[in-house]
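*Asks:* Can you keep this structure in mind? I'll have questions shortly.
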Amino acid sequence: MNILDHNAAASEFGFLKAGEQPPDFDPYPLFHKLRSRHPVWHSDWGDWYVSDYDGVNAVFLNKNCTQFPPDERELVSRLNPNPAGVVPSFSNWLLFLDPPRHTIMRRMLMRLARGVSLNRLKALIDSVCDQLITEQCVDGSCEFVSRVAKILPVSVICKILAIPECDRHLITLWTNSLKRGFDVGLNHLSHEEMALLDDMHAYFLSIIENRSWRQSIAHSELGAYVETFPKDEVAANLAMLAFAGHETTVHLISNMFFILSQNPEIWQQLRASPDLTANVVNETLRYQSPVQKICRMNRCPIELEGKQIPEGEMLVLLLGAANRDPRHFHDPDKFDPFRMDNKHIAFGVGAHRCLGDSLALLEANTMLSTVLRHWRTIDADPASAHWIPNSSLRGLDRFDIKWTV
């Protein structure tokens with residue numbers, strides 16, 4: 001790319017930079033343009049953007065492309081010039097670890113999110129969905145995100161972590177700061193937002209030192225995890241699970257119902273063939289990927305789609321763009337519940353694939369199945385919809401929905 005081309009691209013693709021997207025920004029036209037012209041693009045602010053399906057997969061599977069540099073001091077300095085308080089705890093998050101440390105911790109945490117734990121949670125998920133639809137949503141209309149989509153994932157993750165019901169409101173407080181911090185950088189958060197993250201870390205440190213809490217989880221997968229690792233690592237990863245274990249599922253459920261409310265013919269097809277439920281959930285993950293981007297750094301020089309990328313560069317993988325790559329998905333801008341062989345990468349690929357993928361699928365499938373049994377029609381006012389201004393996550397803060405029973 002010559003200088004003129006680069007300058008034009010920098011201006012045109014400036015909205016890719018975290019914190020630059022205006023409210024209710026639609027990223028997909030920009031993704032299509034970037035992928036067709038520069039599938040691997042070196043931005044003028046230094047990051048490399050990868051927007052095609054094959055390129056994103058290649059980085060995910062490249063063992064030389066890691067979460068962060070191995071030197072944790074460098075990680076802390078990148079996140080915040082002041083290493084006091086909460087910031088060092090992020091270096092213990094499973095999301096930011098690489099093998100062998102990542103492998104050991106992931107194996108333990110998977111027992112919380114899958115297998116026996118998942119089977120035990122099914123009854124809770126069924127119960128919460130039934131209660132939501134039969135008891136709380138009886139007026140024929142509501143604001144969907146706060147009244148429905150958030151309730152189930154928060155209830156489930158608090159059950160997994162044994163968080164007392166009186167403390168569940170804290171999850172939302174922490175999440176609002178975290179999702180902005182991971183998009184624009186922790187050093188751009190306000191003092192109030194950083195204080196909330198300090199409170200989050202302190203909360204989980206205190207809870208694991210609480211004797212009655214430890215007794216309540218003594219014979220569970222959570223208890224085994226708490227007894228195996230140092231308390232700082234445990235506290236950090238309980239905080240990670242509290243955030244990552246519900247936030248993206250909220251967006252998955254919200255996105256799915258908003259899409260269906262705007263496509264009444266698909267809703268009727270689904271009511272006639274409830275076995276399409278899993279297809280609809282998977283197509284939502286492809287069509288409106290809750291996680292839009294994931295970052296990696298390369299430990300050594302790599303070549304990607306003909307581009308030579310020096311060591312130590314930030315690679316921004318655009319999952320939302322990759323999941324609409326026309327070379328892998330026919331008519332990618334169409335929501336198609338009959339799409340076959342839907343190999344989306346909304347959960348990531350490889351060693352860092354989303355830990356809670358099975359749980360998210362179970363929650364979304366159960367919610368949709370429950371609503372199908374109770375609501376005959378659904379309709380949402382597009383004017384009431386508000387997409388969060390976040391380049392890393394794709395989801396709605398709110399929208400009003402109406403239904404008939």
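Going through the structure tokens in order, the chains are called A, B, and so on, while each chain numbers its residues from 1 and the ligands are numbered from 1 in the order shown.
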What's around Ala244 of chain A at 12 Å? Count only C-alpha atoms, leave out sequence neighbours fewer than 2 positions away in its own chain, and write the answer as a PyMOL selection string.
*Replies:* chain A and resi 93-95+113+153-154+157+171-172+174-175+178-179+182+237-242+246-251+290-291+347+354-357+359-360+393
*Asks:* For Val156 of chain A, list every protein, DNA or RNA residue within 10 Å, evaluated using only C-alpha atoms, and leave out those in the same chain fewer than 3 positions away; present the list as a list in words.
*Replies:*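 Contacts, in chain order: Leu121, Lys122, Leu124, Ile125, Val128, Ile151, Leu152, Pro153, Lys159, Ile160, Leu161, Ala162, Ala242, Gly245, His246, Leu359 and Glu363 of chain A.
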*Asks:* Give me, please, the distance in Å between atom CA of Arg324 of chain A and atom CA of His32 of chain A, quoted to one decimal.
*Replies:* 8.0 Å
*Asks:* Apply DSSP to the backbone of this structure and, from segment 12-203 of chain A, keep only the residues in alpha helix (DSSP H); write these as a ChimeraX atom specification.
*Replies:* /A:12,28-37,53-61,72-79,101-113,116-131,144,151-161,169-184,191-203
*Asks:* For atom CA of Ser146 of chain A and atom CA of Asp397 of chain A, determine how far apart the two atoms are, in Å to one decimal place.
*Replies:*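 We find that atom CA of Ser146 of chain A and atom CA of Asp397 of chain A lie 8.2 Å from each other.
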*Asks:* Record the distance separating atom CA of Tyr287 of chain A and atom CA of Lys343 of chain A, expressed in Å with one decimal.
*Replies:*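 Going from atom CA of Tyr287 of chain A over to atom CA of Lys343 of chain A covers 11.8 Å.
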*Asks:* Would you pick out the contacts of segment 59-66 of chain A at 7 Å or less, using only C-alpha atoms, so that residues sharing its chain but fewer than 2 positions from it are not included, and give the list as a short mmCIF file (atom, residue, chain, number, x, y, z; two decimals) with C-alpha atoms, in the first residue's frame?
*Replies:*
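File result00.cif, as written:
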```cif
data_model
loop_
_atom_site.label_atom_id
_atom_site.label_comp_id
_atom_site.auth_asym_id
_atom_site.auth_seq_id
_atom_site.Cartn_x
_atom_site.Cartn_y
_atom_site.Cartn_z
CA GLY A 55 -6.47 -14.95 8.64
CA VAL A 56 -8.23 -14.82 12.01
CA ASN A 57 -8.13 -18.62 12.25
CA PHE A 68 0.27 -10.81 26.16
CA ASP A 98 -0.41 -18.81 28.05
CA ARG A 296 -2.97 -11.22 20.25
CA MET A 297 0.75 -10.40 20.20
CA ASN A 298 3.34 -12.26 18.14
CA ARG A 299 6.46 -13.50 19.93
CA CYS A 300 8.41 -13.65 16.68
CA VAL A 349 -10.57 -21.13 18.20
CA GLY A 350 -7.86 -23.27 19.78
#
```
